[in-house]
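Shown next, in structure tokens, is the structure this report addresses.
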There are 4 protein chains.
Amino acid sequence: MATRTSRWWGTRADRGDARRLEAFSDGVLAIAITLLILDVRVEPEPGESLAEALRGSLPQIGAYAASFLQIGIIWTNHHSLFRLVTRVDQLLLLLNLLLLGSVSFLPLPTRLVAEHTTGVDAQTAVLLYGGTLTASALFYNLIWRHVVRGGLLVDGVSRAFVRDVDVRYLAGLCSYAAATAVAVRSPLTAVLLTVLLALVFVLGPSPRPFTIR
Amino acid sequence: MATRTSRWWGTRADRGDARRLEAFSDGVLAIAITLLILDVRVEPEPGESLAEALRGSLPQIGAYAASFLQIGIIWTNHHSLFRLVTRVDQLLLLLNLLLLGSVSFLPLPTRLVAEHTTGVDAQTAVLLYGGTLTASALFYNLIWRHVVRGGLLVDGVSRAFVRDVDVRYLAGLCSYAAATAVAVRSPLTAVLLTVLLALVFVLGPSPRPFTIR
Amino acid sequence: MATRTSRWWGTRADRGDARRLEAFSDGVLAIAITLLILDVRVEPEPGESLAEALRGSLPQIGAYAASFLQIGIIWTNHHSLFRLVTRVDQLLLLLNLLLLGSVSFLPLPTRLVAEHTTGVDAQTAVLLYGGTLTASALFYNLIWRHVVRGGLLVDGVSRAFVRDVDVRYLAGLCSYAAATAVAVRSPLTAVLLTVLLALVFVLGPSPRPFTIR
Amino acid sequence: MATRTSRWWGTRADRGDARRLEAFSDGVLAIAITLLILDVRVEPEPGESLAEALRGSLPQIGAYAASFLQIGIIWTNHHSLFRLVTRVDQLLLLLNLLLLGSVSFLPLPTRLVAEHTTGVDAQTAVLLYGGTLTASALFYNLIWRHVVRGGLLVDGVSRAFVRDVDVRYLAGLCSYAAATAVAVRSPLTAVLLTVLLALVFVLGPSPRPFTIR
């Protein structure tokens, strides 16, 4: 039965709204992930061979690969989370927009990390890079909390599952923040830690949302 | 029942057409919002640290954030409006194209606003920026009027709701035009006003389209 | 009943395939239309005000608007045509790819038309611009012919409608080719003619595909 | 019947997941294919006519066309393969991400192939170009193997069909690798071979996935 609240325009809506939210988010994430390559430039200097120039571009190519993985993981998470969303309200739209904003912003720190590999500038770049990923993790936490408390969750999700995701998302946020903090000591280690975190999240075990009946 | 008029090719069609219109619009809006970051360039000059260069890029980053919010709001509106559209005709296609054109154009004035922050050039830039947003608001008004008068609205929308949206859209148009006019006095105030307007639209209360039965 | 032929992998498929073809095409067209603005650059020279620089960029802005309209019309056409497609085969995939290729190519001649506004270079630029649009019109004709002859059309389309579209598509192709040829005499007239043609196609009357029962 | 395993969050899911995977992949492929034109730059040097500059840009335009065709074929393959996927697991998400990563990377080697047409640099460029295509073919093989062995295939696909695709995919991988190796001798021949392979794959006969009942 369509409830009264589901009839508010732009306030609460049905699963169709979640669909279009997913479609728009898919678009933004797909574009952000594909734009990364535009910043990888390989231009041999006079007297330099292309092979040498490519070797010199390895930090850029590595940064491309790392950010590709990060955005890919973010998409995977988005996909898993929104499967459990049954309704969309304006706050969810705004929080999702903030998440997409932080992801769209990622090409900038990615470029800076690739261009500044030593000294205090490397530290600045990695702090911005890790900070952006930490912001994404923060927005995920806020989205999840709002979905659960705002009653936007599909029916049949167990309490144990919710608590499990609570813990995992909070752990993700803390891990990214900690990895970012490492940049003060060693920027390269910090970047490698964020890559490791992403791999853990994509390959690690997942909780199940429904009680088995 | 599929009516006769719904069988005209490209003239009137069914809800499936509205779907593909939404999909195309989602694509354009998702791309426009993601391209914004390409114009944020942080390149330290010789002897300048990256942290200093980032501070110098704050106007660009602020302009990025402001336009990201604007396009996000425009998407949210598009989403709310087209949920109420049941059929698509050629004039609606054209009006929607004009709306998408004004949004796709936004990266240009955004860049100009970020690059020209003082004097008469700041005024020119903000007039173009506000003018583009005002044009978007105008096209929204035209789309809404055409949807209502052209009989493209879904069934069951109350007369009170239509009048309510009439007023809100007109108020939006006037507000953006007024904020733009402020640029003649203070460009920065004008930009902040447009951001404020966007926040009001995303967080404010929404009318409901259906009479509760 | 799913026919035998519809079970060939990649050869003939069901309406679901047409859906994904549409989705991919929507993506390409949405991106091509949104990328156009990246080529509009407004950079005041020393001593020049932004307002003067904007006036100097009017050809670029005009070219942006013209190509935005062209791609928008192409999307509208694509939308109308593929509503009538019930199955997809490999030749249709290839022809559609060629169409998308010609549209994705359009940003290049658009830039050239904007940058070369006088003399023999304007003529070269407009010939390439008109030639690209003519190629798109040609691929539309080939797609339509293949859809009709290859039995990919939905049921219930009248013979009169098919003949009508045959004529219209052929007329479109000839008109674009003729407008392109005008470039040898007057490049500006040629560009204006292509804009006029696009407006005729979006606002003119459309035939109806079904016999009214 | 929804099985137990299909209820694991992010581990195994239903056909809806395959849909969103397709949508995201469509987005990435559509963007990668459309970004290619951004790297084609035609800028006449002083005293050079536009027509002469265009002739000088023919390698770039050829590289654009070749990569457009490659990504188009990759999309067609993706489309054919995922029609047969009924469930998505995390390894499939990761493998698909690697495939998309290799395709998104293609604009870079495409640019290098266009810019370096003679000597040892041409060889380096074509090795990277062919290597990227070979990597895509490799990821296709891995995806296919995982789909078959991981039980993600739709019901009713015949054993003969699976073996047929096994052979075809392996042949594709070996052909691209061989074409790449030719670059050591003749870079141009290697590029032409990859184009030829793409045409064979799009126009050649396809196996059928189902036994005819």
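Here's how to read the names in the structure tokens: chain A, B, ... by the order shown, residue numbers from 1 in each chain, ligand numbers from 1 in the order shown.
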List every residue of chain B that has an atom at most 12 Å from any atom of chain D, and for each one report the closest atom pair and its distance in Å to one decimal, counting only C-alpha atoms, with rows sorted by chain and then by increasing residue number, as a tab-separated table.
```
residue	atom	partner	partner_atom	distance
B:Ala23	CA	D:Ala23	CA	11.0
B:Phe24	CA	D:Gly27	CA	11.7
B:Asp26	CA	D:Gly27	CA	11.4
B:Gly27	CA	D:Gly27	CA	8.7
B:Val28	CA	D:Ile31	CA	11.6
B:Ala30	CA	D:Gly27	CA	10.6
B:Ile31	CA	D:Ile31	CA	9.3
B:Thr34	CA	D:Ile31	CA	11.8
B:Leu35	CA	D:Ile31	CA	11.8
```
Export, as a JSON list (two decimals), in the first residue's frame, the selected residues with all heavy atoms.
```json
[["chain", "number", "residue", "atom", "x", "y", "z"],
["B", 23, "ALA", "N", 16.94, 9.53, -18.74],
["B", 23, "ALA", "CA", 18.25, 8.88, -18.82],
["B", 23, "ALA", "C", 19.26, 9.78, -19.53],
["B", 23, "ALA", "O", 20.39, 9.96, -19.08],
["B", 23, "ALA", "CB", 18.14, 7.54, -19.55],
["B", 24, "PHE", "N", 18.83, 10.38, -20.63],
["B", 24, "PHE", "CA", 19.73, 11.28, -21.37],
["B", 24, "PHE", "C", 20.07, 12.51, -20.53],
["B", 24, "PHE", "O", 21.22, 12.93, -20.45],
["B", 24, "PHE", "CB", 19.05, 11.69, -22.68],
["B", 24, "PHE", "CG", 19.89, 12.61, -23.53],
["B", 24, "PHE", "CD1", 21.05, 12.15, -24.13],
["B", 24, "PHE", "CD2", 19.52, 13.93, -23.74],
["B", 24, "PHE", "CE1", 21.83, 12.99, -24.92],
["B", 24, "PHE", "CE2", 20.29, 14.77, -24.53],
["B", 24, "PHE", "CZ", 21.45, 14.30, -25.12],
["B", 26, "ASP", "N", 19.98, 12.75, -17.23],
["B", 26, "ASP", "CA", 20.88, 12.30, -16.16],
["B", 26, "ASP", "C", 22.32, 12.26, -16.65],
["B", 26, "ASP", "O", 23.24, 12.69, -15.95],
["B", 26, "ASP", "CB", 20.50, 10.89, -15.70],
["B", 26, "ASP", "CG", 19.32, 10.90, -14.74],
["B", 26, "ASP", "OD1", 18.87, 11.99, -14.36],
["B", 26, "ASP", "OD2", 18.86, 9.81, -14.36],
["B", 27, "GLY", "N", 22.49, 11.74, -17.86],
["B", 27, "GLY", "CA", 23.83, 11.65, -18.43],
["B", 27, "GLY", "C", 24.47, 13.02, -18.58],
["B", 27, "GLY", "O", 25.58, 13.26, -18.12],
["B", 28, "VAL", "N", 23.73, 13.95, -19.20],
["B", 28, "VAL", "CA", 24.28, 15.29, -19.42],
["B", 28, "VAL", "C", 24.58, 15.97, -18.09],
["B", 28, "VAL", "O", 25.66, 16.55, -17.89],
["B", 28, "VAL", "CB", 23.30, 16.15, -20.26],
["B", 28, "VAL", "CG1", 23.75, 17.60, -20.30],
["B", 28, "VAL", "CG2", 23.20, 15.59, -21.67],
["B", 30, "ALA", "N", 25.13, 14.57, -15.13],
["B", 30, "ALA", "CA", 26.22, 13.88, -14.45],
["B", 30, "ALA", "C", 27.56, 14.29, -15.05],
["B", 30, "ALA", "O", 28.55, 14.47, -14.33],
["B", 30, "ALA", "CB", 26.04, 12.36, -14.55],
["B", 31, "ILE", "N", 27.61, 14.45, -16.36],
["B", 31, "ILE", "CA", 28.87, 14.82, -17.00],
["B", 31, "ILE", "C", 29.22, 16.26, -16.69],
["B", 31, "ILE", "O", 30.35, 16.59, -16.34],
["B", 31, "ILE", "CB", 28.80, 14.59, -18.53],
["B", 31, "ILE", "CG1", 28.61, 13.10, -18.79],
["B", 31, "ILE", "CG2", 30.07, 15.07, -19.21],
["B", 31, "ILE", "CD1", 27.88, 12.83, -20.06],
["B", 34, "THR", "N", 30.63, 16.61, -13.29],
["B", 34, "THR", "CA", 31.93, 15.97, -13.07],
["B", 34, "THR", "C", 33.05, 16.69, -13.81],
["B", 34, "THR", "O", 34.21, 16.64, -13.42],
["B", 34, "THR", "CB", 31.86, 14.49, -13.50],
["B", 34, "THR", "OG1", 30.61, 13.94, -13.10],
["B", 34, "THR", "CG2", 32.96, 13.68, -12.86],
["B", 35, "LEU", "N", 32.70, 17.35, -14.94],
["B", 35, "LEU", "CA", 33.71, 18.08, -15.71],
["B", 35, "LEU", "C", 34.24, 19.29, -14.96],
["B", 35, "LEU", "O", 35.33, 19.78, -15.25],
["B", 35, "LEU", "CB", 33.13, 18.55, -17.05],
["B", 35, "LEU", "CG", 32.91, 17.49, -18.12],
["B", 35, "LEU", "CD1", 32.37, 18.15, -19.38],
["B", 35, "LEU", "CD2", 34.20, 16.76, -18.43]]
```
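For the pair CA of His79 (chain B) and CA of Phe139 (chain B), the interatomic distance is 14.9 Å.
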Could you pull out the residues in region 1-141 of chain A that DSSP calls alpha helix (DSSP H) from the backbone, as a short mmCIF file (atom, residue, chain, number, x, y, z; two decimals) with N, CA and C atoms, in the first residue's frame?
```
data_model
loop_
_atom_site.label_atom_id
_atom_site.label_comp_id
_atom_site.auth_asym_id
_atom_site.auth_seq_id
_atom_site.Cartn_x
_atom_site.Cartn_y
_atom_site.Cartn_z
N ARG A 15 10.61 3.25 -4.68
CA ARG A 15 11.82 2.61 -5.18
C ARG A 15 12.29 3.19 -6.51
N GLY A 16 11.33 3.70 -7.32
CA GLY A 16 11.69 4.30 -8.60
C GLY A 16 12.66 5.46 -8.42
N ASP A 17 12.48 6.20 -7.32
CA ASP A 17 13.39 7.30 -7.03
C ASP A 17 14.79 6.81 -6.74
N ALA A 18 14.88 5.73 -5.97
CA ALA A 18 16.20 5.17 -5.67
C ALA A 18 16.88 4.77 -6.97
N ARG A 19 16.10 4.26 -7.91
CA ARG A 19 16.63 3.89 -9.22
C ARG A 19 17.29 5.06 -9.92
N ARG A 20 16.56 6.21 -9.94
CA ARG A 20 17.14 7.32 -10.68
C ARG A 20 18.33 7.91 -9.94
N LEU A 21 18.29 7.83 -8.61
CA LEU A 21 19.44 8.26 -7.81
C LEU A 21 20.65 7.39 -8.15
N GLU A 22 20.42 6.09 -8.27
CA GLU A 22 21.50 5.19 -8.65
C GLU A 22 22.02 5.50 -10.05
N ALA A 23 21.11 5.78 -10.98
CA ALA A 23 21.52 6.04 -12.35
C ALA A 23 22.39 7.28 -12.43
N PHE A 24 21.97 8.33 -11.72
CA PHE A 24 22.75 9.58 -11.73
C PHE A 24 24.11 9.35 -11.07
N SER A 25 24.11 8.62 -9.94
CA SER A 25 25.37 8.34 -9.24
C SER A 25 26.29 7.48 -10.10
N ASP A 26 25.72 6.48 -10.76
CA ASP A 26 26.52 5.66 -11.68
C ASP A 26 27.19 6.53 -12.73
N GLY A 27 26.42 7.49 -13.25
CA GLY A 27 26.97 8.39 -14.26
C GLY A 27 28.15 9.18 -13.72
N VAL A 28 27.95 9.82 -12.56
CA VAL A 28 29.02 10.64 -11.99
C VAL A 28 30.25 9.79 -11.69
N LEU A 29 30.05 8.61 -11.08
CA LEU A 29 31.19 7.76 -10.73
C LEU A 29 31.88 7.25 -11.99
N ALA A 30 31.11 6.87 -13.01
CA ALA A 30 31.70 6.38 -14.25
C ALA A 30 32.54 7.47 -14.91
N ILE A 31 32.06 8.71 -14.85
CA ILE A 31 32.81 9.80 -15.48
C ILE A 31 34.07 10.11 -14.68
N ALA A 32 33.93 10.20 -13.35
CA ALA A 32 35.09 10.53 -12.52
C ALA A 32 36.20 9.50 -12.74
N ILE A 33 35.82 8.22 -12.83
CA ILE A 33 36.81 7.15 -12.97
C ILE A 33 37.49 7.20 -14.35
N THR A 34 36.75 7.67 -15.35
CA THR A 34 37.29 7.67 -16.71
C THR A 34 38.10 8.93 -17.00
N LEU A 35 37.77 10.03 -16.29
CA LEU A 35 38.51 11.29 -16.50
C LEU A 35 39.94 11.19 -15.99
N LEU A 50 60.71 7.72 -25.88
CA LEU A 50 59.38 7.54 -25.31
C LEU A 50 59.42 6.56 -24.14
N ALA A 51 60.26 5.51 -24.28
CA ALA A 51 60.35 4.52 -23.21
C ALA A 51 60.83 5.18 -21.92
N GLU A 52 61.82 6.08 -22.04
CA GLU A 52 62.32 6.79 -20.85
C GLU A 52 61.23 7.69 -20.26
N ALA A 53 60.50 8.38 -21.16
CA ALA A 53 59.44 9.27 -20.69
C ALA A 53 58.36 8.47 -19.96
N LEU A 54 58.06 7.27 -20.47
CA LEU A 54 57.06 6.42 -19.81
C LEU A 54 57.53 6.02 -18.41
N ARG A 55 58.82 5.69 -18.32
CA ARG A 55 59.36 5.35 -16.99
C ARG A 55 59.19 6.54 -16.06
N GLY A 56 59.47 7.73 -16.57
CA GLY A 56 59.31 8.93 -15.75
C GLY A 56 57.87 9.19 -15.35
N LEU A 58 55.77 6.88 -14.45
CA LEU A 58 55.25 5.79 -13.61
C LEU A 58 54.48 6.28 -12.38
N PRO A 59 54.95 7.35 -11.69
CA PRO A 59 54.14 7.82 -10.56
C PRO A 59 52.73 8.23 -10.99
N GLN A 60 52.63 8.89 -12.14
CA GLN A 60 51.30 9.28 -12.65
C GLN A 60 50.44 8.06 -12.94
N ILE A 61 51.06 7.06 -13.59
CA ILE A 61 50.31 5.86 -13.96
C ILE A 61 49.89 5.10 -12.70
N GLY A 62 50.79 5.07 -11.72
CA GLY A 62 50.45 4.43 -10.44
C GLY A 62 49.30 5.16 -9.75
N ALA A 63 49.35 6.50 -9.77
CA ALA A 63 48.29 7.28 -9.13
C ALA A 63 46.96 7.04 -9.86
N TYR A 64 47.04 6.94 -11.21
CA TYR A 64 45.85 6.62 -12.00
C TYR A 64 45.25 5.30 -11.54
N ALA A 65 46.12 4.27 -11.43
CA ALA A 65 45.63 2.94 -11.06
C ALA A 65 45.04 2.96 -9.65
N ALA A 66 45.72 3.65 -8.72
CA ALA A 66 45.25 3.69 -7.33
C ALA A 66 43.87 4.36 -7.25
N SER A 67 43.70 5.49 -7.93
CA SER A 67 42.43 6.19 -7.84
C SER A 67 41.33 5.45 -8.59
N PHE A 68 41.72 4.78 -9.69
CA PHE A 68 40.74 3.95 -10.40
C PHE A 68 40.17 2.90 -9.45
N LEU A 69 41.07 2.26 -8.71
CA LEU A 69 40.64 1.25 -7.75
C LEU A 69 39.74 1.87 -6.67
N GLN A 70 40.16 3.02 -6.12
CA GLN A 70 39.36 3.65 -5.07
C GLN A 70 37.94 3.96 -5.55
N ILE A 71 37.83 4.59 -6.73
CA ILE A 71 36.49 4.94 -7.22
C ILE A 71 35.69 3.68 -7.54
N GLY A 72 36.40 2.67 -8.06
CA GLY A 72 35.72 1.40 -8.33
C GLY A 72 35.13 0.81 -7.05
N ILE A 73 35.90 0.85 -5.96
CA ILE A 73 35.41 0.33 -4.68
C ILE A 73 34.23 1.17 -4.19
N ILE A 74 34.36 2.49 -4.35
CA ILE A 74 33.27 3.38 -3.92
C ILE A 74 32.00 3.03 -4.68
N TRP A 75 32.13 2.76 -5.99
CA TRP A 75 30.96 2.37 -6.76
C TRP A 75 30.37 1.07 -6.22
N THR A 76 31.25 0.09 -5.97
CA THR A 76 30.79 -1.20 -5.46
C THR A 76 30.01 -1.02 -4.15
N ASN A 77 30.57 -0.19 -3.25
CA ASN A 77 29.90 0.10 -1.99
C ASN A 77 28.53 0.75 -2.21
N HIS A 78 28.53 1.73 -3.12
CA HIS A 78 27.31 2.48 -3.40
C HIS A 78 26.20 1.53 -3.84
N HIS A 79 26.62 0.64 -4.71
CA HIS A 79 25.77 -0.38 -5.28
C HIS A 79 25.19 -1.27 -4.16
N SER A 80 26.04 -1.73 -3.24
CA SER A 80 25.59 -2.61 -2.16
C SER A 80 24.65 -1.86 -1.22
N LEU A 81 25.00 -0.60 -0.93
CA LEU A 81 24.22 0.15 0.05
C LEU A 81 22.83 0.50 -0.50
N PHE A 82 22.79 1.00 -1.74
CA PHE A 82 21.50 1.46 -2.26
C PHE A 82 20.54 0.33 -2.63
N GLN A 90 14.94 14.18 0.91
CA GLN A 90 15.81 15.26 0.45
C GLN A 90 17.18 15.24 1.12
N LEU A 91 17.22 14.85 2.40
CA LEU A 91 18.51 14.79 3.07
C LEU A 91 19.40 13.73 2.43
N LEU A 92 18.78 12.61 2.05
CA LEU A 92 19.56 11.56 1.39
C LEU A 92 20.11 12.07 0.06
N LEU A 93 19.28 12.82 -0.68
CA LEU A 93 19.75 13.41 -1.93
C LEU A 93 20.96 14.31 -1.68
N LEU A 94 20.88 15.13 -0.63
CA LEU A 94 21.98 16.06 -0.33
C LEU A 94 23.23 15.31 0.10
N LEU A 95 23.08 14.32 0.97
CA LEU A 95 24.24 13.55 1.43
C LEU A 95 24.89 12.80 0.27
N ASN A 96 24.05 12.24 -0.60
CA ASN A 96 24.59 11.54 -1.77
C ASN A 96 25.35 12.52 -2.67
N LEU A 97 24.83 13.73 -2.77
CA LEU A 97 25.49 14.77 -3.57
C LEU A 97 26.86 15.10 -2.99
N LEU A 98 26.93 15.17 -1.65
CA LEU A 98 28.22 15.45 -1.01
C LEU A 98 29.20 14.31 -1.28
N LEU A 99 28.70 13.07 -1.22
CA LEU A 99 29.55 11.92 -1.53
C LEU A 99 30.08 12.02 -2.97
N LEU A 100 29.16 12.28 -3.90
CA LEU A 100 29.57 12.39 -5.31
C LEU A 100 30.55 13.54 -5.49
N GLY A 101 30.33 14.63 -4.76
CA GLY A 101 31.24 15.78 -4.84
C GLY A 101 32.65 15.40 -4.41
N SER A 102 32.75 14.62 -3.33
CA SER A 102 34.10 14.25 -2.88
C SER A 102 34.77 13.33 -3.89
N VAL A 103 33.98 12.45 -4.52
CA VAL A 103 34.56 11.55 -5.52
C VAL A 103 34.98 12.32 -6.78
N SER A 104 34.12 13.23 -7.22
CA SER A 104 34.46 14.03 -8.41
C SER A 104 35.69 14.89 -8.18
N PHE A 105 35.94 15.20 -6.90
CA PHE A 105 37.08 16.04 -6.56
C PHE A 105 38.39 15.25 -6.63
N PRO A 107 40.08 13.48 -8.83
CA PRO A 107 41.10 13.68 -9.87
C PRO A 107 42.12 14.76 -9.53
N LEU A 108 41.70 15.81 -8.81
CA LEU A 108 42.65 16.88 -8.46
C LEU A 108 43.74 16.38 -7.52
N PRO A 109 43.41 15.84 -6.32
CA PRO A 109 44.51 15.33 -5.47
C PRO A 109 45.29 14.19 -6.11
N THR A 110 44.64 13.39 -6.96
CA THR A 110 45.38 12.33 -7.67
C THR A 110 46.52 12.93 -8.49
N ARG A 111 46.17 13.99 -9.23
CA ARG A 111 47.18 14.68 -10.05
C ARG A 111 48.30 15.24 -9.16
N LEU A 112 47.91 15.83 -8.03
CA LEU A 112 48.91 16.44 -7.15
C LEU A 112 49.83 15.38 -6.56
N VAL A 113 49.25 14.23 -6.18
CA VAL A 113 50.07 13.14 -5.63
C VAL A 113 51.08 12.66 -6.68
N ALA A 114 50.65 12.61 -7.95
CA ALA A 114 51.53 12.12 -9.01
C ALA A 114 52.63 13.14 -9.31
N GLU A 115 52.31 14.43 -9.18
CA GLU A 115 53.27 15.46 -9.56
C GLU A 115 54.26 15.81 -8.45
N GLY A 119 59.48 15.48 -0.52
CA GLY A 119 59.52 16.63 0.36
C GLY A 119 58.17 17.01 0.93
N VAL A 120 58.06 18.26 1.35
CA VAL A 120 56.87 18.73 2.05
C VAL A 120 55.66 18.80 1.11
N ASP A 121 55.92 19.00 -0.18
CA ASP A 121 54.81 19.05 -1.14
C ASP A 121 54.14 17.69 -1.28
N ALA A 122 54.95 16.62 -1.23
CA ALA A 122 54.38 15.26 -1.29
C ALA A 122 53.45 15.07 -0.10
N GLN A 123 53.88 15.57 1.05
CA GLN A 123 53.07 15.46 2.27
C GLN A 123 51.74 16.20 2.10
N THR A 124 51.81 17.43 1.62
CA THR A 124 50.59 18.21 1.38
C THR A 124 49.65 17.46 0.43
N ALA A 125 50.23 16.95 -0.68
CA ALA A 125 49.41 16.28 -1.70
C ALA A 125 48.72 15.05 -1.12
N VAL A 126 49.47 14.25 -0.37
CA VAL A 126 48.89 13.02 0.16
C VAL A 126 47.87 13.32 1.26
N LEU A 127 48.12 14.39 2.03
CA LEU A 127 47.11 14.78 3.03
C LEU A 127 45.79 15.14 2.34
N LEU A 128 45.89 15.87 1.21
CA LEU A 128 44.66 16.22 0.49
C LEU A 128 44.01 14.98 -0.12
N TYR A 129 44.84 14.09 -0.65
CA TYR A 129 44.35 12.84 -1.26
C TYR A 129 43.64 11.98 -0.21
N GLY A 130 44.36 11.73 0.90
CA GLY A 130 43.77 10.91 1.97
C GLY A 130 42.57 11.61 2.60
N GLY A 131 42.64 12.93 2.70
CA GLY A 131 41.53 13.68 3.27
C GLY A 131 40.27 13.54 2.43
N THR A 132 40.46 13.55 1.10
CA THR A 132 39.31 13.40 0.21
C THR A 132 38.68 12.01 0.37
N LEU A 133 39.53 10.98 0.45
CA LEU A 133 39.00 9.62 0.65
C LEU A 133 38.33 9.50 2.02
N THR A 134 38.92 10.15 3.03
CA THR A 134 38.31 10.12 4.36
C THR A 134 36.95 10.81 4.34
N ALA A 135 36.86 11.91 3.59
CA ALA A 135 35.57 12.60 3.47
C ALA A 135 34.53 11.68 2.82
N SER A 136 34.93 10.93 1.78
CA SER A 136 34.00 9.98 1.15
C SER A 136 33.51 8.97 2.18
N ALA A 137 34.46 8.44 2.97
CA ALA A 137 34.10 7.45 3.99
C ALA A 137 33.14 8.06 5.02
N LEU A 138 33.39 9.33 5.36
CA LEU A 138 32.51 10.02 6.30
C LEU A 138 31.10 10.14 5.73
N PHE A 139 30.99 10.54 4.45
CA PHE A 139 29.66 10.69 3.85
C PHE A 139 28.94 9.35 3.77
N TYR A 140 29.70 8.25 3.54
CA TYR A 140 29.08 6.93 3.56
C TYR A 140 28.48 6.64 4.92
N ASN A 141 29.24 6.97 5.98
CA ASN A 141 28.73 6.74 7.32
C ASN A 141 27.45 7.54 7.56
#
```
Calculate how many Å separate CA of Ala179 (chain C) from CA of Leu193 (chain C), rounding to one decimal. 5.9 Å
